[in-house]
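To be precise, the following lines are work_35.txt, and they hold compact mmCIF, N, CA and C atoms.
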```txt
# COMPACT_ATOMS: atom_id res chain seq x y z
N MET A 23 92.39 102.23 144.92
CA MET A 23 91.11 102.18 145.61
C MET A 23 90.50 100.79 145.43
N ARG A 24 90.01 100.23 146.50
CA ARG A 24 89.42 98.88 146.49
C ARG A 24 88.00 98.94 145.92
N ALA A 25 87.64 97.92 145.14
CA ALA A 25 86.30 97.85 144.53
C ALA A 25 85.26 97.53 145.59
N SER A 26 84.08 98.12 145.46
CA SER A 26 82.99 97.83 146.39
C SER A 26 82.45 96.43 146.11
N PRO A 27 81.73 95.84 147.09
CA PRO A 27 81.14 94.52 146.84
C PRO A 27 80.25 94.51 145.60
N LEU A 28 79.48 95.58 145.39
CA LEU A 28 78.61 95.63 144.22
C LEU A 28 79.43 95.61 142.94
N GLU A 29 80.53 96.36 142.90
CA GLU A 29 81.39 96.36 141.72
C GLU A 29 81.99 94.98 141.48
N MET A 30 82.39 94.30 142.55
CA MET A 30 82.95 92.96 142.39
C MET A 30 81.89 92.01 141.87
N LEU A 31 80.65 92.11 142.37
CA LEU A 31 79.58 91.24 141.89
C LEU A 31 79.28 91.54 140.43
N GLN A 32 79.23 92.82 140.07
CA GLN A 32 78.98 93.18 138.68
C GLN A 32 80.10 92.65 137.80
N GLY A 33 81.34 92.79 138.25
CA GLY A 33 82.48 92.30 137.48
C GLY A 33 82.42 90.80 137.27
N THR A 34 81.98 90.07 138.29
CA THR A 34 81.86 88.62 138.17
C THR A 34 80.77 88.26 137.16
N LEU A 35 79.64 88.92 137.25
CA LEU A 35 78.55 88.66 136.30
C LEU A 35 79.00 89.03 134.89
N ASP A 36 79.70 90.15 134.76
CA ASP A 36 80.18 90.57 133.44
C ASP A 36 81.05 89.50 132.80
N VAL A 37 81.99 88.97 133.55
CA VAL A 37 82.90 87.96 132.97
C VAL A 37 82.15 86.66 132.66
N LEU A 38 81.15 86.31 133.46
CA LEU A 38 80.35 85.12 133.17
C LEU A 38 79.55 85.30 131.89
N ILE A 39 79.01 86.48 131.68
CA ILE A 39 78.28 86.77 130.45
C ILE A 39 79.23 86.74 129.26
N LEU A 40 80.40 87.38 129.39
CA LEU A 40 81.37 87.37 128.29
C LEU A 40 81.76 85.94 127.94
N LYS A 41 82.01 85.12 128.94
CA LYS A 41 82.38 83.72 128.68
C LYS A 41 81.25 83.00 127.97
N THR A 42 80.04 83.18 128.43
CA THR A 42 78.89 82.53 127.81
C THR A 42 78.77 82.92 126.34
N LEU A 43 78.95 84.20 126.06
CA LEU A 43 78.84 84.68 124.68
C LEU A 43 80.04 84.30 123.81
N SER A 44 81.10 83.82 124.43
CA SER A 44 82.26 83.38 123.64
C SER A 44 81.92 82.14 122.83
N TRP A 45 80.84 81.44 123.19
CA TRP A 45 80.41 80.24 122.45
C TRP A 45 79.51 80.59 121.27
N GLY A 46 79.07 81.84 121.22
CA GLY A 46 78.21 82.28 120.12
C GLY A 46 77.09 83.17 120.61
N PRO A 47 76.38 83.79 119.68
CA PRO A 47 75.29 84.70 120.06
C PRO A 47 74.21 83.99 120.87
N ALA A 48 73.60 84.73 121.78
CA ALA A 48 72.54 84.16 122.62
C ALA A 48 71.61 85.27 123.09
N HIS A 49 70.37 84.90 123.37
CA HIS A 49 69.43 85.85 123.97
C HIS A 49 69.53 85.73 125.48
N GLY A 50 68.91 86.67 126.18
CA GLY A 50 69.04 86.73 127.63
C GLY A 50 68.69 85.45 128.36
N TYR A 51 67.57 84.83 128.00
CA TYR A 51 67.17 83.61 128.70
C TYR A 51 68.21 82.50 128.53
N ALA A 52 68.78 82.38 127.34
CA ALA A 52 69.81 81.36 127.10
C ALA A 52 71.06 81.63 127.94
N ILE A 53 71.44 82.89 128.05
CA ILE A 53 72.61 83.24 128.87
C ILE A 53 72.38 82.82 130.32
N VAL A 54 71.22 83.18 130.86
CA VAL A 54 70.87 82.82 132.24
C VAL A 54 70.87 81.31 132.42
N ARG A 55 70.26 80.61 131.48
CA ARG A 55 70.16 79.14 131.56
C ARG A 55 71.54 78.49 131.52
N TRP A 56 72.41 78.95 130.63
CA TRP A 56 73.75 78.36 130.52
C TRP A 56 74.55 78.57 131.80
N ILE A 57 74.50 79.79 132.35
CA ILE A 57 75.24 80.07 133.60
C ILE A 57 74.71 79.17 134.71
N GLN A 58 73.40 79.04 134.81
CA GLN A 58 72.81 78.21 135.85
C GLN A 58 73.21 76.74 135.66
N GLN A 59 73.10 76.24 134.45
CA GLN A 59 73.42 74.83 134.19
C GLN A 59 74.90 74.55 134.44
N LEU A 60 75.77 75.40 133.91
CA LEU A 60 77.20 75.15 134.04
C LEU A 60 77.69 75.28 135.48
N SER A 61 76.97 76.04 136.29
CA SER A 61 77.37 76.18 137.70
C SER A 61 76.73 75.11 138.58
N GLY A 62 76.06 74.15 137.97
CA GLY A 62 75.38 73.12 138.76
C GLY A 62 74.26 73.71 139.59
N ASP A 63 73.55 74.67 139.03
CA ASP A 63 72.43 75.36 139.70
C ASP A 63 72.87 76.15 140.94
N GLN A 64 74.15 76.50 141.01
CA GLN A 64 74.65 77.29 142.13
C GLN A 64 74.57 78.79 141.87
N LEU A 65 74.58 79.17 140.60
CA LEU A 65 74.50 80.59 140.23
C LEU A 65 73.19 80.84 139.50
N ILE A 66 72.35 81.64 140.11
CA ILE A 66 71.06 82.00 139.53
C ILE A 66 71.12 83.50 139.22
N VAL A 67 70.98 83.85 137.96
CA VAL A 67 71.04 85.26 137.54
C VAL A 67 69.63 85.73 137.26
N SER A 68 69.22 86.78 137.95
CA SER A 68 67.88 87.33 137.74
C SER A 68 67.88 88.28 136.54
N GLU A 69 66.72 88.49 135.97
CA GLU A 69 66.59 89.44 134.87
C GLU A 69 67.00 90.83 135.33
N GLY A 70 66.72 91.15 136.60
CA GLY A 70 67.08 92.45 137.17
C GLY A 70 68.56 92.68 137.25
N SER A 71 69.34 91.61 137.21
CA SER A 71 70.81 91.73 137.18
C SER A 71 71.34 91.58 135.76
N LEU A 72 70.74 90.68 134.99
CA LEU A 72 71.24 90.36 133.66
C LEU A 72 71.16 91.55 132.71
N TYR A 73 70.00 92.15 132.59
CA TYR A 73 69.83 93.18 131.56
C TYR A 73 70.63 94.46 131.83
N PRO A 74 70.74 94.92 133.07
CA PRO A 74 71.65 96.04 133.31
C PRO A 74 73.10 95.69 132.96
N ALA A 75 73.50 94.43 133.23
CA ALA A 75 74.86 94.00 132.88
C ALA A 75 75.05 93.99 131.37
N LEU A 76 74.07 93.48 130.64
CA LEU A 76 74.17 93.46 129.18
C LEU A 76 74.23 94.88 128.61
N HIS A 77 73.47 95.80 129.17
CA HIS A 77 73.52 97.20 128.72
C HIS A 77 74.88 97.80 129.02
N ARG A 78 75.43 97.50 130.19
CA ARG A 78 76.76 97.99 130.57
C ARG A 78 77.81 97.46 129.59
N LEU A 79 77.73 96.17 129.27
CA LEU A 79 78.70 95.57 128.34
C LEU A 79 78.55 96.16 126.94
N ASP A 80 77.32 96.45 126.55
CA ASP A 80 77.07 97.07 125.25
C ASP A 80 77.66 98.48 125.21
N GLU A 81 77.46 99.25 126.27
CA GLU A 81 78.00 100.61 126.33
C GLU A 81 79.53 100.61 126.25
N ARG A 82 80.14 99.58 126.79
CA ARG A 82 81.61 99.48 126.76
C ARG A 82 82.13 98.94 125.43
N GLY A 83 81.22 98.50 124.56
CA GLY A 83 81.63 97.97 123.27
C GLY A 83 82.08 96.52 123.32
N TRP A 84 81.75 95.82 124.40
CA TRP A 84 82.17 94.43 124.57
C TRP A 84 81.17 93.46 123.97
N VAL A 85 79.92 93.87 123.82
CA VAL A 85 78.89 93.06 123.16
C VAL A 85 78.12 93.95 122.19
N GLU A 86 77.48 93.30 121.24
CA GLU A 86 76.56 93.96 120.31
C GLU A 86 75.28 93.15 120.33
N SER A 87 74.19 93.78 119.91
CA SER A 87 72.92 93.06 119.93
C SER A 87 72.13 93.33 118.66
N GLU A 88 71.25 92.38 118.37
CA GLU A 88 70.31 92.55 117.26
C GLU A 88 69.08 91.70 117.55
N TRP A 89 67.95 92.14 117.02
CA TRP A 89 66.70 91.40 117.18
C TRP A 89 66.64 90.28 116.16
N LYS A 90 66.29 89.09 116.65
CA LYS A 90 66.12 87.90 115.80
C LYS A 90 64.95 87.09 116.32
N ILE A 91 64.64 86.04 115.61
CA ILE A 91 63.60 85.11 116.05
C ILE A 91 64.29 83.94 116.75
N SER A 92 63.84 83.64 117.97
CA SER A 92 64.43 82.55 118.76
C SER A 92 63.95 81.19 118.26
N ASP A 93 64.51 80.13 118.84
CA ASP A 93 64.11 78.76 118.49
C ASP A 93 62.62 78.51 118.76
N THR A 94 62.05 79.26 119.68
CA THR A 94 60.64 79.08 120.02
C THR A 94 59.73 79.94 119.14
N GLY A 95 60.33 80.66 118.18
CA GLY A 95 59.54 81.48 117.27
C GLY A 95 59.21 82.87 117.79
N ARG A 96 59.80 83.22 118.92
CA ARG A 96 59.54 84.54 119.50
C ARG A 96 60.66 85.51 119.13
N ARG A 97 60.32 86.76 119.02
CA ARG A 97 61.29 87.81 118.76
C ARG A 97 62.11 88.04 120.02
N ALA A 98 63.43 88.04 119.90
CA ALA A 98 64.30 88.21 121.07
C ALA A 98 65.55 88.96 120.65
N LYS A 99 66.12 89.67 121.61
CA LYS A 99 67.37 90.37 121.36
C LYS A 99 68.51 89.40 121.61
N PHE A 100 69.33 89.20 120.58
CA PHE A 100 70.50 88.31 120.68
C PHE A 100 71.74 89.16 120.86
N TYR A 101 72.60 88.71 121.76
CA TYR A 101 73.84 89.41 122.06
C TYR A 101 75.00 88.59 121.53
N ARG A 102 76.03 89.29 121.06
CA ARG A 102 77.23 88.60 120.62
C ARG A 102 78.45 89.36 121.11
N LEU A 103 79.52 88.63 121.30
CA LEU A 103 80.78 89.19 121.77
C LEU A 103 81.47 89.92 120.62
N THR A 104 82.01 91.09 120.91
CA THR A 104 82.79 91.83 119.91
C THR A 104 84.26 91.46 120.06
N THR A 105 85.08 91.91 119.14
CA THR A 105 86.53 91.69 119.25
C THR A 105 87.05 92.30 120.54
N LYS A 106 86.58 93.49 120.86
CA LYS A 106 86.97 94.15 122.10
C LYS A 106 86.52 93.33 123.31
N GLY A 107 85.34 92.71 123.21
CA GLY A 107 84.83 91.87 124.29
C GLY A 107 85.66 90.61 124.48
N ARG A 108 86.14 90.03 123.39
CA ARG A 108 87.01 88.84 123.50
C ARG A 108 88.31 89.19 124.21
N ALA A 109 88.86 90.34 123.90
CA ALA A 109 90.09 90.79 124.57
C ALA A 109 89.82 91.03 126.06
N GLN A 110 88.68 91.63 126.36
CA GLN A 110 88.33 91.87 127.75
C GLN A 110 88.11 90.57 128.50
N LEU A 111 87.52 89.58 127.87
CA LEU A 111 87.34 88.26 128.49
C LEU A 111 88.69 87.66 128.87
N ARG A 112 89.66 87.74 127.97
CA ARG A 112 91.01 87.22 128.29
C ARG A 112 91.59 87.93 129.51
N THR A 113 91.46 89.25 129.54
CA THR A 113 91.98 90.04 130.67
C THR A 113 91.26 89.67 131.96
N GLU A 114 89.93 89.62 131.92
CA GLU A 114 89.14 89.31 133.11
C GLU A 114 89.41 87.89 133.61
N HIS A 115 89.59 86.96 132.69
CA HIS A 115 89.87 85.57 133.07
C HIS A 115 91.21 85.49 133.80
N ALA A 116 92.21 86.17 133.29
CA ALA A 116 93.53 86.18 133.94
C ALA A 116 93.43 86.81 135.33
N THR A 117 92.68 87.89 135.45
CA THR A 117 92.50 88.55 136.75
C THR A 117 91.79 87.62 137.71
N TRP A 118 90.77 86.92 137.23
CA TRP A 118 90.03 85.98 138.07
C TRP A 118 90.93 84.86 138.59
N ARG A 119 91.77 84.32 137.71
CA ARG A 119 92.70 83.24 138.14
C ARG A 119 93.64 83.75 139.23
N ARG A 120 94.16 84.97 139.09
CA ARG A 120 95.04 85.53 140.13
C ARG A 120 94.27 85.70 141.44
N PHE A 121 93.05 86.17 141.36
CA PHE A 121 92.23 86.36 142.55
C PHE A 121 91.98 85.03 143.27
N VAL A 122 91.61 84.01 142.52
CA VAL A 122 91.34 82.69 143.11
C VAL A 122 92.59 82.14 143.78
N ARG A 123 93.73 82.26 143.12
CA ARG A 123 94.99 81.78 143.73
C ARG A 123 95.30 82.53 145.02
N ALA A 124 95.09 83.86 145.04
CA ALA A 124 95.38 84.65 146.24
C ALA A 124 94.45 84.26 147.39
N VAL A 125 93.17 84.11 147.11
CA VAL A 125 92.22 83.72 148.16
C VAL A 125 92.54 82.31 148.65
N SER A 126 92.89 81.42 147.76
CA SER A 126 93.24 80.05 148.15
C SER A 126 94.46 80.03 149.06
N ARG A 127 95.45 80.85 148.75
CA ARG A 127 96.65 80.90 149.61
C ARG A 127 96.27 81.32 151.03
N VAL A 128 95.39 82.28 151.16
CA VAL A 128 94.98 82.73 152.49
C VAL A 128 94.17 81.65 153.20
N LEU A 129 93.21 81.07 152.51
CA LEU A 129 92.35 80.05 153.13
C LEU A 129 93.09 78.78 153.48
N GLU A 130 94.14 78.45 152.75
CA GLU A 130 94.88 77.23 153.00
C GLU A 130 96.07 77.43 153.92
N ALA A 131 96.30 78.65 154.37
CA ALA A 131 97.41 78.93 155.26
C ALA A 131 97.22 78.20 156.59
N GLU A 132 98.31 77.62 157.09
CA GLU A 132 98.22 76.88 158.35
C GLU A 132 98.76 77.68 159.51
N SER A 133 99.36 78.82 159.21
CA SER A 133 99.84 79.70 160.30
C SER A 133 99.86 81.13 159.81
N GLN A 134 99.95 82.03 160.77
CA GLN A 134 100.04 83.44 160.45
C GLN A 134 101.40 83.76 159.85
N PRO A 135 101.45 84.75 158.96
CA PRO A 135 102.76 85.15 158.44
C PRO A 135 103.58 85.82 159.56
N ALA A 136 104.87 85.73 159.47
CA ALA A 136 105.75 86.31 160.50
C ALA A 136 105.73 87.81 160.46
```

Starting from the file, lay out its structure as structure tokens.
Amino acid sequence: MRASPLEMLQGTLDVLILKTLSWGPAHGYAIVRWIQQLSGDQLIVSEGSLYPALHRLDERGWVESEWKISDTGRRAKFYRLTTKGRAQLRTEHATWRRFVRAVSRVLEAESQPA
């Protein structure tokens, strides 16, 4: 069964969050900022998308969270990647590379297949 566009978007956001957390624990605002900065301001993640994704990843055991004090002195929930999450990141990254190669082959094709 083919994934719906929403599932594909959620999957993309999930892998971006996992990658971001692979550098160390972070609170929601930092995750959003890093994704935006690293994408050259091309990817903007809203709180309405981020927090449901973080809860989904937590339910799957891919991230864990705890309350801490941020650099600005405010109480914030920090998320960190679990061992299971690191394994999932490797799997998702490999899947993403295959997807990009497949789409590139189609877009770069100069003629129809026989």

Practice item. Would you mind reading off the distance between atom N of Leu72 in chain A and atom C of Arg112 in chain A, one decimal, in Å? Key: 21.7 Å

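Put simply, CA of Lys106 in chain A is 5.4 Å away from CA of Trp84 in chain A.
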
Practice item. Mind checking which residues fall within 8 Å of Trp89 in chain A, counting all atoms listed in the file, ignoring those fewer than 6 positions away in the same chain, and posting them as a PyMOL selection string? Key: chain A and resi 97-101

Review point. So which residues of range 34-134 of chain A fall under strand (DSSP E or B) by DSSP, listed as a PyMOL selection string?
Key: chain A and resi 48-49+85-91+97-103

Point to revise | All residues 8 Å or closer to range 53-58 of chain A, all atoms listed in the file, same chain fewer than 2 positions away omitted, as a ChimeraX atom specification | key: /A:38-39,42-43,47-51,60-69,72

Review point. When DSSP works through the backbone of this structure, what residues of chain A end up as helix (DSSP H, G or I), shown as number ranges by chain?
Key: A: 27-43, 50-60, 69-81, 105-129

Check your understanding: atom N of Asp36 in chain A and CA of Ala75 in chain A are how many Å apart?
Key -> 6.5 Å

**Study point:** Residue nearest Gly46 in chain A among A:Arg108, A:Arg127, A:Arg119, A:Arg102 (counting all atoms listed in the file)
**Key:** A:Arg102

**Study point:** Residues within 12 Å of (83.8, 94.3, 134.7), counting only C-alpha atoms, listed as a PyMOL selection string
**Key:** chain A and resi 25+28-40+75-76+78-82+84+107+110-115+117-118

Revision key, fill the gap. If you count all atoms listed in the file, the residue of A:Gln59, A:Thr104, A:Ser133, A:Ser44 closest to Gly83 in chain A turns out to be A:Thr104

Review point. Given the choices A:Val85, A:Ser71, A:Ser92, A:Arg123, which gets closest to Thr105 in chain A if the distance is worked out from only C-alpha atoms?
Key: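 Of the candidates, the smallest distance to Thr105 in chain A is held by A:Val85.
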